[in-house]
file entry.txt (compact mmCIF, C-alpha atoms)
# COMPACT_ATOMS: atom_id res chain seq x y z
CA MET A 1 0.00 0.00 0.00
CA LYS A 2 1.45 3.37 -1.08
CA ILE A 3 0.09 6.38 0.80
CA ILE A 4 -0.30 9.37 -1.50
CA THR A 5 -1.42 11.95 1.06
CA LYS A 6 -2.80 12.21 4.59
CA ASN A 7 -5.20 14.77 6.01
CA LYS A 8 -3.26 15.81 9.14
CA LYS A 9 -5.64 18.69 9.81
CA ALA A 10 -8.53 16.23 10.21
CA PHE A 11 -6.77 14.49 13.09
CA PHE A 12 -6.31 17.86 14.81
CA ASP A 13 -9.86 19.17 14.24
CA TYR A 14 -11.85 15.95 14.72
CA SER A 15 -11.95 12.96 17.00
CA ILE A 16 -12.21 9.90 14.75
CA LEU A 17 -14.92 7.43 15.84
CA SER A 18 -14.47 4.81 13.10
CA ARG A 19 -12.79 4.32 9.72
CA LEU A 20 -13.72 2.74 6.40
CA GLU A 21 -12.30 2.38 2.90
CA ALA A 22 -13.98 3.72 -0.24
CA GLY A 23 -13.19 3.79 -3.92
CA ILE A 24 -13.21 7.05 -5.85
CA VAL A 25 -14.35 7.84 -9.40
CA LEU A 26 -11.60 9.72 -11.27
CA THR A 27 -10.85 10.63 -14.86
CA GLY A 28 -7.67 9.41 -16.55
CA ASP A 29 -5.77 12.68 -16.07
CA GLU A 30 -6.82 12.83 -12.41
CA THR A 31 -5.53 9.29 -11.87
CA LYS A 32 -2.15 10.22 -13.28
CA ALA A 33 -2.07 13.41 -11.17
CA VAL A 34 -2.84 11.35 -8.03
CA ARG A 35 -0.04 8.93 -8.87
CA ALA A 36 2.24 11.99 -9.24
CA ASN A 37 1.28 13.07 -5.66
CA ASN A 38 -0.52 16.19 -6.89
CA VAL A 39 -3.31 16.02 -4.25
CA ASN A 40 -4.37 18.06 -1.23
CA LEU A 41 -7.03 16.86 1.24
CA THR A 42 -7.06 19.89 3.55
CA GLY A 43 -10.60 21.19 3.96
CA THR A 44 -12.12 18.17 2.24
CA PHE A 45 -15.32 16.50 3.42
CA ALA A 46 -17.85 13.95 2.21
CA THR A 47 -21.56 14.61 1.84
CA PHE A 48 -24.66 12.80 0.59
CA HIS A 49 -26.56 13.79 -2.56
CA GLY A 50 -29.54 11.50 -2.65
CA GLN A 51 -28.32 7.95 -1.97
CA GLU A 52 -24.75 8.63 -3.19
CA LEU A 53 -21.69 9.86 -1.29
CA PHE A 54 -19.52 12.58 -2.84
CA LEU A 55 -16.10 13.93 -1.88
CA MET A 56 -16.25 17.73 -1.87
CA ASN A 57 -13.46 20.32 -2.07
CA CYS A 58 -10.69 17.79 -2.80
CA HIS A 59 -7.89 19.43 -4.77
CA ILE A 60 -6.40 17.16 -7.43
CA GLY A 61 -4.06 19.24 -9.58
CA THR A 62 -3.84 19.05 -13.33
CA TYR A 63 -1.57 16.43 -14.84
CA SER A 64 1.54 17.99 -16.34
CA HIS A 65 1.27 16.12 -19.68
CA ALA A 66 -2.50 16.44 -20.09
CA PHE A 67 -3.82 17.53 -23.48
CA ILE A 68 -6.45 19.82 -21.96
CA LYS A 69 -5.40 21.64 -18.79
CA ASN A 70 -8.57 22.79 -17.06
CA ASP A 71 -7.91 24.44 -13.69
CA GLU A 72 -11.65 24.77 -12.95
CA GLN A 73 -11.91 21.00 -12.53
CA THR A 74 -9.31 20.72 -9.74
CA ARG A 75 -11.87 21.05 -6.91
CA ARG A 76 -14.89 19.35 -8.47
CA SER A 77 -16.99 16.88 -6.46
CA ARG A 78 -16.03 13.23 -6.94
CA LYS A 79 -18.25 10.22 -6.34
CA LEU A 80 -17.19 7.72 -3.67
CA LEU A 81 -17.87 4.02 -4.18
CA LEU A 82 -19.27 2.05 -1.24
CA HIS A 83 -21.53 -0.94 -0.74
CA LYS A 84 -25.20 -0.17 -0.18
CA LYS A 85 -25.13 -1.47 3.42
CA GLU A 86 -22.19 0.83 4.21
CA LEU A 87 -24.03 3.80 2.68
CA ILE A 88 -27.14 3.09 4.75
CA ARG A 89 -25.05 2.85 7.92
CA LEU A 90 -23.29 6.11 7.07
CA ILE A 91 -26.58 7.91 6.47
CA GLY A 92 -27.66 6.81 9.96
CA ASP A 93 -24.39 7.99 11.49
CA VAL A 94 -24.46 11.39 9.77
CA SER A 95 -28.08 11.99 10.80
CA ARG A 96 -26.88 12.18 14.42
CA LYS A 97 -25.91 15.66 15.54
CA GLY A 98 -22.27 16.66 15.12
CA ILE A 99 -21.11 13.65 13.08
CA THR A 100 -19.31 14.30 9.78
CA ILE A 101 -17.40 12.21 7.25
CA VAL A 102 -13.85 13.37 6.51
CA PRO A 103 -11.17 11.76 4.33
CA LEU A 104 -8.12 10.74 6.36
CA ALA A 105 -5.84 9.44 3.61
CA LEU A 106 -5.63 8.79 -0.11
CA TYR A 107 -3.60 5.74 -1.14
CA ILE A 108 -3.04 3.08 -3.76
CA ASN A 109 -3.84 -0.46 -2.55
CA GLU A 110 -2.07 -3.70 -3.46
CA LYS A 111 -4.18 -4.15 -6.60
CA GLY A 112 -3.24 -0.69 -7.90
CA LYS A 113 -6.63 0.93 -7.19
CA ILE A 114 -6.85 4.43 -5.72
CA LYS A 115 -8.74 4.36 -2.41
CA VAL A 116 -9.84 6.92 0.16
CA GLU A 117 -9.81 6.19 3.89
CA LEU A 118 -12.85 7.88 5.38
CA GLY A 119 -13.31 8.68 9.03
CA ILE A 120 -16.61 9.09 10.83
CA ALA A 121 -15.69 12.01 13.03
CA LYS A 122 -16.97 14.39 15.65
CA HIS A 123 -15.65 17.94 15.79
CA LYS A 124 -13.40 18.72 18.78
CA LYS A 125 -14.10 21.66 21.02
CA ALA A 126 -11.36 24.27 21.63
CA HIS A 127 -10.63 23.03 25.16
CA GLU A 128 -10.25 19.44 23.90
CA ARG A 129 -7.63 20.56 21.36
CA LYS A 130 -5.71 22.54 23.99
CA GLU A 131 -5.79 19.59 26.39
CA GLU A 132 -4.48 17.27 23.68
CA LEU A 133 -1.61 19.66 22.89
CA ARG A 134 -0.79 19.95 26.59
CA GLU A 135 -0.67 16.15 27.00
CA ARG A 136 1.55 15.84 23.92
CA ASP A 137 3.98 18.43 25.34
CA ILE A 138 4.12 16.59 28.68
CA THR A 139 4.89 13.24 27.05
CA ARG A 140 7.55 14.87 24.86
CA GLU A 141 9.22 16.48 27.89
CA THR A 142 9.18 13.25 29.92
CA ALA A 143 10.69 11.35 26.99
CA ARG A 144 13.39 14.02 26.72
CA GLU A 145 14.14 13.79 30.46
CA LEU A 146 14.32 9.98 30.37
CA LYS A 147 16.64 10.16 27.36
CA ASN A 148 19.06 12.42 29.25
CA HIS A 149 19.30 10.08 32.27
call {"tool": "encode", "arguments": {"input": "entry.txt", "output": "structure tokens"}}
result
Amino acid sequence: MKIITKNKKAFFDYSILSRLEAGIVLTGDETKAVRANNVNLTGTFATFHGQELFLMNCHIGTYSHAFIKNDEQTRRSRKLLLHKKELIRLIGDVSRKGITIVPLALYINEKGKIKVELGIAKHKKAHERKEELRERDITRETARELKNH
């Protein structure tokens, strides 16, 4: 499995409740741009349109050797591929208050398919983020002190 990009901001802004894998519908030029690591997941989210799940605001740059270079298509919505049972479960999860679906990583699996790791997440409050940073600083300082002794 080759990880193309991770959404580090999602781990800071959200607490991840569960994860799942989804396929993504891309054009040929987009596939080549993804394989060239020309992707940014910051600010990306997934939403339902009818009974289908779409990835919104995902920036996939234009492929350098593409015949038609269209910059307007870099942030278009892209359909995510899931089984019907997974979609029904996700609709139930999202209907609860404060639950969102965010992409955590974009990668190429063993079969060469481009996949998106989705996280069912709940937004963190400001005090939760500060507490997490404080705990991280404490563990870093204790590790530093133990290393010196």
call {"tool": "closest_residue", "arguments": {"input": "entry.txt", "among": "A:Gly119, A:Leu106, A:Val25, A:Cys58", "to": "A:Asn37", "atoms": "all atoms listed in the file"}}
result
A:Leu106
call {"tool": "atom_distance", "arguments": {"input": "entry.txt", "atom1": "atom CA of A:Arg89", "atom2": "atom CA of A:Gln51"}}
result
11.6 Å
call {"tool": "atom_distance", "arguments": {"input": "entry.txt", "atom1": "atom CA of A:His123", "atom2": "atom CA of A:Thr5"}}
result
21.3 Å
call {"tool": "atom_distance", "arguments": {"input": "entry.txt", "atom1": "atom CA of A:Ile3", "atom2": "atom CA of A:Lys85"}}
result
26.5 Å
call {"tool": "closest_residue", "arguments": {"input": "entry.txt", "among": "A:Ser18, A:Ser64, A:Thr44, A:Thr74", "to": "A:Ala121", "atoms": "all atoms listed in the file"}}
result
A:Ser18
call {"tool": "closest_residue", "arguments": {"input": "entry.txt", "among": "A:Val39, A:Leu118, A:Leu26, A:Ile101", "to": "A:Arg78", "atoms": "all atoms listed in the file"}}
result
A:Leu26
call {"tool": "closest_residue", "arguments": {"input": "entry.txt", "among": "A:Ile60, A:Leu82, A:Ile138, A:Leu104", "to": "A:Glu30", "atoms": "only C-alpha atoms"}}
result
A:Ile60
call {"tool": "residues_around", "arguments": {"input": "entry.txt", "residues": "A:Arg35", "least_positions_apart": "6", "cutoff": "9 Å", "atoms": "only C-alpha atoms", "output": "tab-separated table (two decimals) with C-alpha atoms, keeping the file's coordinate frame"}}
result
chain	number	residue	atom	x	y	z
A	4	ILE	CA	-0.30	9.37	-1.50
A	108	ILE	CA	-3.04	3.08	-3.76
A	114	ILE	CA	-6.85	4.43	-5.72
call {"tool": "residues_around", "arguments": {"input": "entry.txt", "residues": "A:Asp13", "least_positions_apart": "6", "cutoff": "10 Å", "atoms": "all atoms listed in the file", "output": "list of chain:residue names"}}
result
A:Ala121, A:Lys122, A:His123, A:Lys124, A:Lys125, A:Ala126, A:Glu128, A:Arg129
call {"tool": "closest_residue", "arguments": {"input": "entry.txt", "among": "A:Phe45, A:Lys32, A:Asp137, A:Glu117", "to": "A:Ile99", "atoms": "only C-alpha atoms"}}
result
A:Phe45
call {"tool": "axis_aligned_box", "arguments": {"input": "entry.txt", "around": "stretch 3-8 of chain A", "padding_each_side": "3 Å", "output": "JSON"}}
result
{"center_x": -2.6, "center_y": 11.1, "center_z": 3.8, "size_x": 11.3, "size_y": 15.4, "size_z": 16.6}
call {"tool": "closest_residue", "arguments": {"input": "entry.txt", "among": "A:His59, A:His49, A:Asn38, A:Thr100", "to": "A:Tyr14", "atoms": "only C-alpha atoms"}}
result
A:Thr100
